[in-house]
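Peer 1: Below is a structure I'd like to ask you about.
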Number of protein chains: 2
Amino acid sequence: MIKPYKEWNKVELENELERLKIKFKEYKNLDLHLNMSRGKPCQEQLDLSMGMMDVLSSKEDLTCEDGIDCRNYGVLLGIEECRRLLGEIIEVPSDNIVIFGNSSLNVMFDCISRSVNQGVMGSTPWCKLDRVRWLCPVPGYDRHFAITEYFGIEMINIPMNENGPDMDLVERLVSSDPSIKGIWCVPKYSNPNGITYSEEVVKRFARLKPAARDFRIYWDNAYSVHHLYEDKQDFLLEILDECKKAGNPDLVYKFTSTSKISFPGSGIAAIATSPNNIVDIKKQFSIQTIGHDKVNQLRHVRYFKNLAGVKEQMKKHADILRPKFELVENIFEEELGGLEIGSWTKPRGGYFISFTSNDGCAKAIIARCKKAGVELTPAGAAYPYHYDQRDNNIRIAPSYPPLKDLELATRIFTLSVKIESIKLLLDK
Amino acid sequence: MIKPYKEWNKVELENELERLKIKFKEYKNLDLHLNMSRGKPCQEQLDLSMGMMDVLSSKEDLTCEDGIDCRNYGVLLGIEECRRLLGEIIEVPSDNIVIFGNSSLNVMFDCISRSVNQGVMGSTPWCKLDRVRWLCPVPGYDRHFAITEYFGIEMINIPMNENGPDMDLVERLVSSDPSIKGIWCVPKYSNPNGITYSEEVVKRFARLKPAARDFRIYWDNAYSVHHLYEDKQDFLLEILDECKKAGNPDLVYKFTSTSKISFPGSGIAAIATSPNNIVDIKKQFSIQTIGHDKVNQLRHVRYFKNLAGVKEQMKKHADILRPKFELVENIFEEELGGLEIGSWTKPRGGYFISFTSNDGCAKAIIARCKKAGVELTPAGAAYPYHYDQRDNNIRIAPSYPPLKDLELATRIFTLSVKIESIKLLLDK
C-alpha cells in the first residue's frame, strides 16, 4: 500500500531521494535526446497519407469540378470541392468556408493583423485604440498567446473547468468591457487539457452580448475529428449555427486545418464564418493574394474524397496514438499513483496530456528532465506571458517519440516529478 | 503608302469610320469571349511542369538533404536546397533567402502589414504616423498599388523612362521627405512596359540616402529569368550586392517566385534581403506560422534541380510565348503602322506589351473591345488610384489565349483603336 509522500517522515524522504537520484544518474549517463515538447505527428502517422502523393499525375486530373485548371491563378476562396470537404470536417456548409494556405495559425494571425490595421466590419482599427484586451482560457495554446502578445494585446486569464472556460467570468467581462475584442478557444480536446466544451458552454458563447461590436470568438477547432477511441468520443455542439439561432451570426471565426489529418507541414487550412465576415475578410484577401495553392486543395479532395474518408484516416491515426497515450497514463499510474504529487488528464482525443504537479514544482521538473535529455514544453508555456502563477502545469506531448523512447522519457519524467516533489517537501 | 490619320480630311475619316464600324459589327456578332487582361500562363505552359507531379512518390523521397522529413512541421525559413534554388534564380546566396508560400504578392503584403503594425527594425509603426507616402513608377503593376492603397498609404507617381524610373526625382523625394517609406519596382521586363533598369539606375537606387531610416525598396524581380529570346536578353545588375557595396545593406527587399516557372497557383515565393532584415522579418514570421509547405519546396527542387534546370524550362516557356508576342506586334504593325494613333513596346521578356494610344482614347478603346467580347486590363489599372491622367495606357497580356483567339482579339483591338482614334479626331 502506497502512502502519499506528504505522510512520509524526513528520514524516509531523504532515503527515497538518495535512491531516486542514483537512478536518475543512470538515466543521465545514457545521454538521451528525447522530445515530448510539441504536438507533432510521428513518422508512422505521416506514412498514412503517402497515397496523397500520386492522386494527381496526369493533366486531366488537375481540373476541378467547376472545370477550372487548378494549376493556374485564381479562385480566391478555394475550389468548391475543397470548401465542401473542409466544411464537412468543421460541420458547416461550404458557403461559409474560405480556404487558405497550409497553416491555420497563419489564418488566425492574419485575422488579428487585419483587425489591428483595418478594424472588423467597419469598426475602428485596433491600432487606433489605446487599449485592446483579450480573454485567454488557461492553461491554453502557447502559439495563440504568442500572437496576441505580438500585437501588444493585453491578455486576461480565464480559468478552465471541466466543461470549458468559466462562463460567468467570460460573460461578465465581455458584456461590460468594450476593450475586450476576442477570446481564444480550443473547444474540443483542448490544448493542453483535453477538455471539450459542454453544450451549455457553447450555447452561452453563442448568446454573448459583447460590449464591443468588433468582439469575435476565435474558435480553433483543431481537433474536431481527432479522437483516440472509437467507442468513447467527445461531442461538441456546432457554434456557427448556435450563433445564428441566438441572433449573433457574426460572432465567431472557426478555424480548422488538415495539419494533423494529412501532412502537418503541407495541409490545408480554412476559416468558417458568416457571410458578413467573409465579405470583410475578402476585402483583405483579394489584395493579399491571387489565391492559395489549389493543386494541394485538389490533392486533398481526391485522396480523402469526403468526411467518411477523413474518418477512416483518423481511425488509423488513433491506432498509432492510443497506445502512446495509454503507455504514458499507465506509467504515471504505476510510478505516481497514491503519492499525491501530481494529477493528469486522460483525454479522449487531441494531442496532449496535461500534468499538474504540486505547486512550485513544474519549472524544476522540466529543468531536471532536460538534464537527462528529455525535452518538454517550456514551463509556463500554456499561460499568457509564460507566467504560470502556481508553477504546476506541464504539457506532455506523447505523439512523436516511438513507444520505446516514450517509455524511457516518461520514466525519466516521473522520476523527476518524484525527486522535485520530495525536495520541495524537505525544504518546507 | 499609309498617311497618318491626322492628315486625312473629314470626309476621308468619316468614310473610314463607317467602314470600320461595319467590320466591328461583324466581330461583335461572333459573340466572342476572349481575355487579354492578366499575365496568366496558358495551358501549354502549365503542361511543361507536369513532371513535377511525380518526383515525390515514396516516403524516402520526402527527406531533404538535412535529413528532415519534409512532411512534418518546422523549418521556418525553408529547406536549404530550396533556399539555394530560389537564391540562384534571384542571384543571392541562400543565407539571404526566406521561403514563403505560393504567392510573392502575399509576401509583399505581409512586409507592408508588418511595417504598419510593428515598424521596420525598431522604427515607429507606420500606423502611429500621420502620413506615410510611397513612390510608384508609372505605368506599373496594379496589384502593387492595390496593396499600398489598402493600407491608406499615399502614392506618388514617378515617371518611367527607357532606363527605369526618373532617378533625379526619386533621389530628391527620398532624401528629403521622411514620410516616404518605400518604392515599388519591377526592375526587369517591367510590368507593363517591359523595361529593364539600367546599371546606372540600379547603382543610384543602391546609393539612395533616404530621409526615413525605415525606407525600403520593394524590388519585385518577378521576371528575372523570363526571357522571350535566347539571343536578345536584358541584363539587370544585382541590387542586394550593390546596396552592400554602397554601405546600404538593409535598403532592399527583393521578391521572387516560381509562379511563372512552374504552376502559377502552386509555386514557391521568397524574399531575398540582408541578415538584419531577416532577423526583423523572423520576429513576425515565427509568430505567424510554424513553417510553409516544405513538400512543395522539395517538389520544386527535385524537379528543377538547379538554375540550369530552370533555364531549360524557361526556354520552353519562351518557345510558347514568343510567337504570341510576335503575332500581336506584327498585327499592330500591319494594322496601325504609319497611322500615328498609337505606339507599343516590343519587350524581350516578361508578360506584357504596353500600348500607348492617343491621349484621351484608352478608356474608350477598352470599353469598345469589351463590347466585342475582348477583355483587357481595366483602364487606368497601371496607375495608382486607377487614374491615368492622359488616358492613353493599355496593357496587353498575350500569354493566355491560343494563337487563333489571340489573332482575333488583336484584330478587334486594333480595329477599336482605329475607330476611337478617328472619333476623337472628328470631335476636335
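Order determines the names: the first chain of the C-alpha cells is A, the second B, and so forth; residues in each chain are numbered 1 upward, and ligands are numbered 1 upward as they are shown.
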Please identify all residues of chain A having at least one atom at most 6 Å from any atom of chain B, considering only C-alpha atoms, and return them as JSON, numbers by chain.
Peer 2: {"A": [53, 57, 71, 72, 73, 105, 106, 109, 147, 263, 264, 265, 266, 287, 288, 289, 293]}
Peer 1: Please save N, CA, C and O atoms of the selected residues as a compact mmCIF listing (two decimals), in the first residue's frame.
Peer 2:
# COMPACT_ATOMS: atom_id res chain seq x y z
N MET A 53 0.27 11.44 -52.55
CA MET A 53 1.34 11.92 -53.43
C MET A 53 1.15 11.53 -54.90
O MET A 53 1.82 12.06 -55.76
N SER A 57 -1.61 12.80 -61.23
CA SER A 57 -0.42 12.59 -62.04
C SER A 57 -0.59 13.02 -63.50
O SER A 57 0.39 13.43 -64.12
N ARG A 71 -3.95 24.31 -61.79
CA ARG A 71 -2.55 24.70 -61.83
C ARG A 71 -2.37 26.21 -62.01
O ARG A 71 -1.32 26.75 -61.76
N ASN A 72 -3.43 26.87 -62.51
CA ASN A 72 -3.28 28.29 -62.86
C ASN A 72 -3.71 29.21 -61.72
O ASN A 72 -4.10 28.75 -60.65
N TYR A 73 -3.61 30.50 -61.95
CA TYR A 73 -4.02 31.51 -60.96
C TYR A 73 -5.51 31.46 -60.69
O TYR A 73 -6.29 30.98 -61.51
N LEU A 105 -2.77 28.60 -38.05
CA LEU A 105 -2.17 29.63 -37.21
C LEU A 105 -1.99 30.92 -38.01
O LEU A 105 -2.29 32.03 -37.53
N ASN A 106 -1.53 30.77 -39.23
CA ASN A 106 -1.36 31.91 -40.13
C ASN A 106 -2.69 32.60 -40.40
O ASN A 106 -2.76 33.83 -40.48
N PHE A 109 -3.48 34.59 -37.26
CA PHE A 109 -2.58 35.74 -37.24
C PHE A 109 -3.10 36.82 -38.18
O PHE A 109 -3.20 37.99 -37.81
N ILE A 147 0.57 35.16 -30.48
CA ILE A 147 0.02 36.09 -31.48
C ILE A 147 -0.50 37.35 -30.80
O ILE A 147 -0.16 38.47 -31.17
N PHE A 263 -0.57 15.90 -43.98
CA PHE A 263 0.81 16.23 -43.59
C PHE A 263 0.83 17.55 -42.81
O PHE A 263 0.32 18.55 -43.30
N PRO A 264 1.46 17.54 -41.63
CA PRO A 264 1.47 18.75 -40.80
C PRO A 264 2.00 19.99 -41.52
O PRO A 264 1.49 21.08 -41.34
N GLY A 265 3.03 19.83 -42.31
CA GLY A 265 3.61 20.99 -42.97
C GLY A 265 2.95 21.33 -44.29
O GLY A 265 3.22 22.36 -44.87
N SER A 266 2.11 20.45 -44.79
CA SER A 266 1.61 20.62 -46.15
C SER A 266 0.12 20.32 -46.25
O SER A 266 -0.34 19.72 -47.22
N ILE A 287 -6.63 41.54 -51.86
CA ILE A 287 -5.48 42.41 -52.06
C ILE A 287 -4.19 41.64 -51.76
O ILE A 287 -3.15 41.86 -52.36
N GLN A 288 -4.30 40.71 -50.83
CA GLN A 288 -3.15 39.99 -50.30
C GLN A 288 -2.63 38.90 -51.24
O GLN A 288 -1.45 38.61 -51.26
N THR A 289 -3.54 38.30 -51.98
CA THR A 289 -3.13 37.16 -52.81
C THR A 289 -4.05 37.01 -54.02
O THR A 289 -5.15 37.57 -54.05
N ASP A 293 -2.95 27.64 -52.83
CA ASP A 293 -2.50 26.50 -53.63
C ASP A 293 -3.65 25.52 -53.94
O ASP A 293 -3.97 24.66 -53.13
Peer 1: Any idea what's packed within 10 Å of Asp142 of chain B, counting only C-alpha atoms, ignoring anything in its chain fewer than 2 positions away? Could you give it as JSON, numbers by chain?
Peer 2: {"B": [138, 139, 140, 144, 145, 146, 147, 191, 192, 377, 378, 380, 381, 382, 383, 384, 385, 386]}
Peer 1: Could you please write out, as a list in words, every residue of segment 166-349 of chain B that DSSP assigns to strand (DSSP E or B)?
Peer 2: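 Secondary structure check on segment 166-349 of chain B, strand (DSSP E or B): Ile180, Lys181, Gly182, Ile183, Trp184, Cys185, Arg216, Ile217, Tyr218, Trp219, Asp220, His227, Val252, Tyr253, Lys254, Phe255, Thr256, Ser257, Ala269, Ala270, Ile271, Ala272, Gly342, Ser343, Trp344 and Gly349 of chain B.
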Peer 1: With only C-alpha atoms as the atoms that count, which of B:Val98, B:Ile68, B:Ile419, B:Cys136 lies nearest to Cys361 of chain B?
Peer 2: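 Of all the options, B:Ile419 lies closest to Cys361 of chain B.
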Peer 1: DSSP says alpha helix (DSSP H) for which residues of segment 71-155 of chain B? Put them as a PyMOL selection string?
Peer 2: chain B and resi 80-90+104-118+142-150
Peer 1: In Å to one decimal, how far is atom CA of Arg83 of chain A from atom CA of Cys64 of chain A?
Peer 2: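 That distance, rounded to one decimal, is 12.1 Å.
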Peer 1: Between atom CA of Ser399 of chain B and atom CA of Glu326 of chain B, what is the spacing in Å?
Peer 2: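 A separation of 11.3 Å between them.
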Peer 1: Expressed in Å to a single decimal, how great is the separation between atom CA of Lys21 of chain B and atom CA of Lys346 of chain B?
Peer 2: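 These two atoms are separated by 28.5 Å.
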Peer 1: At a cut-off of 8 Å, using only C-alpha atoms, what residues contact Gly349 of chain A? Leave out same-chain residues fewer than 3 positions from it and give the result as a count of residues only.
Peer 2: 9
Peer 1: Give me, as a short mmCIF file (atom, residue, chain, number, x, y, z; two decimals) with all heavy atoms, in the first residue's frame, all polymer residues having an atom no more than 12 Å from Leu425 of chain B, counting only C-alpha atoms and skipping those fewer than 5 positions away in the same chain.
Peer 2:
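Contents of result.cif, freshly written:
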data_model
loop_
_atom_site.label_atom_id
_atom_site.label_comp_id
_atom_site.auth_asym_id
_atom_site.auth_seq_id
_atom_site.Cartn_x
_atom_site.Cartn_y
_atom_site.Cartn_z
N PRO B 4 -0.74 59.25 -91.97
CA PRO B 4 -1.29 59.35 -90.60
C PRO B 4 -2.72 59.86 -90.63
O PRO B 4 -3.03 60.76 -91.43
CB PRO B 4 -0.36 60.36 -89.92
CG PRO B 4 0.89 60.37 -90.72
CD PRO B 4 0.51 60.04 -92.12
N TYR B 5 -3.58 59.30 -89.77
CA TYR B 5 -4.99 59.71 -89.70
C TYR B 5 -5.14 61.23 -89.58
O TYR B 5 -6.05 61.83 -90.13
CB TYR B 5 -5.69 59.06 -88.50
CG TYR B 5 -6.30 57.70 -88.77
CD1 TYR B 5 -6.68 56.86 -87.72
CD2 TYR B 5 -6.55 57.26 -90.08
CE1 TYR B 5 -7.24 55.61 -87.94
CE2 TYR B 5 -7.12 56.01 -90.30
CZ TYR B 5 -7.46 55.19 -89.23
OH TYR B 5 -8.04 53.96 -89.45
N LYS B 6 -4.24 61.82 -88.82
CA LYS B 6 -4.40 63.26 -88.56
C LYS B 6 -4.26 64.09 -89.84
O LYS B 6 -4.67 65.25 -89.88
CB LYS B 6 -3.42 63.74 -87.49
CG LYS B 6 -1.97 63.63 -87.88
CD LYS B 6 -1.06 64.01 -86.71
CE LYS B 6 0.39 63.78 -87.11
NZ LYS B 6 1.31 63.76 -85.99
N GLU B 7 -3.72 63.46 -90.88
CA GLU B 7 -3.59 64.19 -92.15
C GLU B 7 -4.77 63.90 -93.09
O GLU B 7 -4.85 64.44 -94.19
CB GLU B 7 -2.27 63.84 -92.84
CG GLU B 7 -1.07 64.35 -92.03
CD GLU B 7 0.26 63.85 -92.56
OE1 GLU B 7 0.31 63.37 -93.72
OE2 GLU B 7 1.25 63.91 -91.80
N TRP B 8 -5.66 63.01 -92.69
CA TRP B 8 -6.83 62.72 -93.52
C TRP B 8 -7.83 63.86 -93.35
O TRP B 8 -7.91 64.48 -92.30
CB TRP B 8 -7.50 61.41 -93.09
CG TRP B 8 -6.67 60.16 -93.32
CD1 TRP B 8 -5.31 60.07 -93.37
CD2 TRP B 8 -7.18 58.84 -93.50
NE1 TRP B 8 -4.92 58.78 -93.57
CE2 TRP B 8 -6.05 57.98 -93.65
CE3 TRP B 8 -8.45 58.26 -93.56
CZ2 TRP B 8 -6.18 56.61 -93.86
CZ3 TRP B 8 -8.57 56.90 -93.76
CH2 TRP B 8 -7.45 56.08 -93.91
N ASN B 9 -8.62 64.09 -94.40
CA ASN B 9 -9.65 65.13 -94.23
C ASN B 9 -10.90 64.52 -93.63
O ASN B 9 -11.02 63.30 -93.46
CB ASN B 9 -9.92 65.87 -95.55
CG ASN B 9 -10.55 64.95 -96.59
OD1 ASN B 9 -11.37 64.09 -96.26
ND2 ASN B 9 -10.17 65.13 -97.84
N LYS B 10 -11.88 65.37 -93.30
CA LYS B 10 -13.06 64.94 -92.56
C LYS B 10 -13.83 63.84 -93.30
O LYS B 10 -14.22 62.83 -92.72
CB LYS B 10 -13.96 66.15 -92.32
CG LYS B 10 -15.08 65.90 -91.34
CD LYS B 10 -15.72 67.19 -90.83
CE LYS B 10 -16.89 66.88 -89.93
NZ LYS B 10 -18.20 67.07 -90.58
N VAL B 11 -14.02 64.03 -94.60
CA VAL B 11 -14.78 63.04 -95.37
C VAL B 11 -14.07 61.69 -95.40
O VAL B 11 -14.68 60.64 -95.20
CB VAL B 11 -15.03 63.56 -96.81
CG1 VAL B 11 -15.74 62.51 -97.64
CG2 VAL B 11 -15.81 64.86 -96.76
N GLU B 12 -12.76 61.74 -95.59
CA GLU B 12 -11.98 60.50 -95.60
C GLU B 12 -12.15 59.76 -94.26
O GLU B 12 -12.36 58.55 -94.22
CB GLU B 12 -10.49 60.81 -95.82
CG GLU B 12 -10.13 61.12 -97.26
CD GLU B 12 -8.68 61.62 -97.39
OE1 GLU B 12 -8.15 62.25 -96.43
OE2 GLU B 12 -8.08 61.39 -98.45
N LEU B 13 -12.05 60.53 -93.18
CA LEU B 13 -12.17 59.92 -91.85
C LEU B 13 -13.57 59.33 -91.65
O LEU B 13 -13.73 58.23 -91.13
CB LEU B 13 -11.86 60.95 -90.76
CG LEU B 13 -10.39 61.33 -90.56
CD1 LEU B 13 -10.26 62.46 -89.55
CD2 LEU B 13 -9.56 60.13 -90.12
N GLU B 14 -14.58 60.08 -92.07
CA GLU B 14 -15.96 59.62 -91.90
C GLU B 14 -16.23 58.34 -92.69
O GLU B 14 -16.86 57.40 -92.18
CB GLU B 14 -16.94 60.72 -92.30
CG GLU B 14 -17.13 61.73 -91.16
CD GLU B 14 -17.91 62.97 -91.61
OE1 GLU B 14 -18.15 63.11 -92.83
OE2 GLU B 14 -18.25 63.79 -90.74
N LEU B 17 -14.40 55.54 -90.93
CA LEU B 17 -15.11 55.17 -89.70
C LEU B 17 -16.31 54.28 -90.02
O LEU B 17 -16.55 53.26 -89.36
CB LEU B 17 -15.58 56.44 -88.96
CG LEU B 17 -16.26 56.21 -87.61
CD1 LEU B 17 -15.32 55.53 -86.62
CD2 LEU B 17 -16.73 57.55 -87.00
N GLU B 340 -0.11 56.72 -86.91
CA GLU B 340 0.21 57.62 -85.80
C GLU B 340 -0.94 57.77 -84.79
O GLU B 340 -1.30 58.86 -84.37
CB GLU B 340 0.67 59.00 -86.32
CG GLU B 340 1.99 58.88 -87.07
CD GLU B 340 2.58 60.22 -87.52
OE1 GLU B 340 2.08 61.27 -87.08
OE2 GLU B 340 3.54 60.19 -88.30
N ILE B 341 -1.53 56.63 -84.47
CA ILE B 341 -2.59 56.64 -83.45
C ILE B 341 -2.23 55.75 -82.26
O ILE B 341 -3.07 55.44 -81.43
CB ILE B 341 -3.96 56.20 -84.03
CG1 ILE B 341 -3.83 54.85 -84.75
CG2 ILE B 341 -4.52 57.27 -84.95
CD1 ILE B 341 -5.15 54.25 -85.17
N ASN B 358 -3.51 57.52 -78.54
CA ASN B 358 -3.61 58.98 -78.45
C ASN B 358 -4.22 59.33 -77.09
O ASN B 358 -5.02 58.56 -76.55
CB ASN B 358 -4.50 59.52 -79.57
CG ASN B 358 -3.78 59.50 -80.91
OD1 ASN B 358 -2.55 59.37 -80.97
ND2 ASN B 358 -4.54 59.64 -81.99
N ASP B 359 -3.84 60.49 -76.57
CA ASP B 359 -4.39 60.91 -75.28
C ASP B 359 -5.91 60.94 -75.33
O ASP B 359 -6.51 61.39 -76.32
CB ASP B 359 -3.89 62.31 -74.91
CG ASP B 359 -2.42 62.29 -74.52
OD1 ASP B 359 -1.81 61.19 -74.54
OD2 ASP B 359 -1.89 63.36 -74.17
N GLY B 360 -6.52 60.45 -74.25
CA GLY B 360 -7.98 60.52 -74.16
C GLY B 360 -8.71 59.39 -74.85
O GLY B 360 -9.93 59.42 -75.01
N CYS B 361 -8.00 58.35 -75.27
CA CYS B 361 -8.62 57.26 -76.03
C CYS B 361 -8.69 55.92 -75.30
O CYS B 361 -9.48 55.05 -75.67
CB CYS B 361 -7.83 57.02 -77.32
SG CYS B 361 -8.42 57.97 -78.72
N LYS B 418 -8.50 52.12 -83.99
CA LYS B 418 -8.76 52.97 -85.16
C LYS B 418 -10.06 53.75 -84.99
O LYS B 418 -10.11 54.96 -85.20
CB LYS B 418 -8.84 52.12 -86.42
CG LYS B 418 -7.51 51.57 -86.91
CD LYS B 418 -7.74 50.76 -88.18
CE LYS B 418 -6.51 50.02 -88.62
NZ LYS B 418 -6.79 49.16 -89.78
N ILE B 419 -11.11 53.04 -84.63
CA ILE B 419 -12.43 53.67 -84.51
C ILE B 419 -12.40 54.81 -83.49
O ILE B 419 -12.83 55.93 -83.77
CB ILE B 419 -13.50 52.62 -84.11
CG1 ILE B 419 -13.73 51.65 -85.27
CG2 ILE B 419 -14.80 53.29 -83.72
CD1 ILE B 419 -14.64 50.47 -84.95
N GLU B 420 -11.85 54.51 -82.32
CA GLU B 420 -11.87 55.53 -81.26
C GLU B 420 -10.94 56.70 -81.59
O GLU B 420 -11.23 57.84 -81.21
CB GLU B 420 -11.53 54.90 -79.90
CG GLU B 420 -12.56 53.88 -79.42
CD GLU B 420 -13.99 54.42 -79.33
OE1 GLU B 420 -14.15 55.64 -79.06
OE2 GLU B 420 -14.94 53.64 -79.56
#
Peer 1: Measuring between only C-alpha atoms, which one of B:Arg390, B:Thr63, B:Gly337, B:Leu408 shows the shortest distance to Leu30 of chain B?
Peer 2: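 Among the listed residues, the smallest separation from Leu30 of chain B belongs to B:Leu408.
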Peer 1: So that I can check the surroundings of Tyr197 of chain A, please list as a ChimeraX atom specification every protein, DNA and RNA residue that reaches within 9 Å of it, counting only C-alpha atoms and ignoring chain neighbours fewer than 5 positions away.
Peer 2: /A:162-165,186-190,202,235-237
Peer 1: Save the residues we just selected, N, CA, C and O atoms, as an mmCIF file, in the first residue's frame?
Peer 2:
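Here's the written file again25.cif:
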data_model
loop_
_atom_site.group_PDB
_atom_site.id
_atom_site.type_symbol
_atom_site.label_atom_id
_atom_site.label_comp_id
_atom_site.auth_asym_id
_atom_site.auth_seq_id
_atom_site.Cartn_x
_atom_site.Cartn_y
_atom_site.Cartn_z
ATOM 1 N N GLU A 162 -14.031 21.785 -15.954
ATOM 2 C CA GLU A 162 -14.140 20.549 -16.750
ATOM 3 C C GLU A 162 -15.095 20.678 -17.933
ATOM 4 O O GLU A 162 -15.095 19.835 -18.834
ATOM 5 N N ASN A 163 -15.932 21.732 -17.956
ATOM 6 C CA ASN A 163 -16.859 21.933 -19.071
ATOM 7 C C ASN A 163 -16.434 23.010 -20.044
ATOM 8 O O ASN A 163 -17.160 23.338 -20.988
ATOM 9 N N GLY A 164 -15.290 23.614 -19.771
ATOM 10 C CA GLY A 164 -14.827 24.719 -20.611
ATOM 11 C C GLY A 164 -14.461 25.910 -19.747
ATOM 12 O O GLY A 164 -14.295 25.768 -18.529
ATOM 13 N N PRO A 165 -14.322 27.095 -20.386
ATOM 14 C CA PRO A 165 -13.927 28.284 -19.618
ATOM 15 C C PRO A 165 -15.000 28.666 -18.598
ATOM 16 O O PRO A 165 -16.172 28.306 -18.757
ATOM 17 N N VAL A 186 -9.952 26.569 -27.757
ATOM 18 C CA VAL A 186 -9.768 25.276 -28.428
ATOM 19 C C VAL A 186 -10.854 24.393 -27.838
ATOM 20 O O VAL A 186 -10.674 23.777 -26.790
ATOM 21 N N PRO A 187 -12.023 24.355 -28.496
ATOM 22 C CA PRO A 187 -13.223 23.866 -27.818
ATOM 23 C C PRO A 187 -13.327 22.343 -27.718
ATOM 24 O O PRO A 187 -14.142 21.844 -26.953
ATOM 25 N N LYS A 188 -12.521 21.646 -28.472
ATOM 26 C CA LYS A 188 -12.625 20.180 -28.442
ATOM 27 C C LYS A 188 -11.251 19.578 -28.196
ATOM 28 O O LYS A 188 -10.293 19.945 -28.878
ATOM 29 N N TYR A 189 -11.184 18.646 -27.263
ATOM 30 C CA TYR A 189 -9.902 18.034 -26.902
ATOM 31 C C TYR A 189 -8.859 19.145 -26.745
ATOM 32 O O TYR A 189 -7.806 19.143 -27.403
ATOM 33 N N SER A 190 -9.172 20.101 -25.884
ATOM 34 C CA SER A 190 -8.409 21.346 -25.811
ATOM 35 C C SER A 190 -6.933 21.117 -25.538
ATOM 36 O O SER A 190 -6.544 20.151 -24.897
ATOM 37 N N VAL A 202 -21.142 26.091 -24.947
ATOM 38 C CA VAL A 202 -21.228 26.552 -26.342
ATOM 39 C C VAL A 202 -22.422 27.487 -26.512
ATOM 40 O O VAL A 202 -22.308 28.554 -27.136
ATOM 41 N N PHE A 235 -18.418 15.001 -27.806
ATOM 42 C CA PHE A 235 -19.283 15.672 -28.769
ATOM 43 C C PHE A 235 -19.265 17.172 -28.498
ATOM 44 O O PHE A 235 -19.394 17.614 -27.358
ATOM 45 N N LEU A 236 -19.081 17.940 -29.577
ATOM 46 C CA LEU A 236 -19.070 19.403 -29.447
ATOM 47 C C LEU A 236 -20.200 19.987 -30.279
ATOM 48 O O LEU A 236 -20.315 19.692 -31.468
ATOM 49 N N LEU A 237 -21.011 20.800 -29.666
ATOM 50 C CA LEU A 237 -22.089 21.475 -30.378
ATOM 51 C C LEU A 237 -21.498 22.430 -31.414
ATOM 52 O O LEU A 237 -20.507 23.098 -31.145
#
Peer 1: Let me make sure I understand: among A:Thr258, A:Ser37, A:Asn306, A:Ser94, which one has the smallest atom-to-atom distance to Leu77 of chain A if we use only C-alpha atoms?
Peer 2: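 Closest candidate: A:Ser94.
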Peer 1: For Ala212 of chain A, please output as a PyMOL selection string all residues within 12 Å (counting only C-alpha atoms; exclusion window: fewer than 3 positions along the same chain).
Peer 2: chain A and resi 119-120+123-124+126+132-134+173-182+208-209+215-217+251
Peer 1: Nearest residue to Leu135 of chain A out of A:Leu76, A:Val170, A:Leu298, A:Ile112, using only C-alpha atoms?
Peer 2: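 Nearest candidate to Leu135 of chain A out of A:Leu76, A:Val170, A:Leu298, A:Ile112: A:Val170.
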Peer 1: Pick out the residues sitting within 12 Å of Arg368 of chain A, and hand them over as a ChimeraX atom specification; count only C-alpha atoms, and ignore anything fewer than 3 positions along from it in its own chain.
Peer 2: /A:21,24-25,27-28,361-365,371-376,378-379,409,412-421
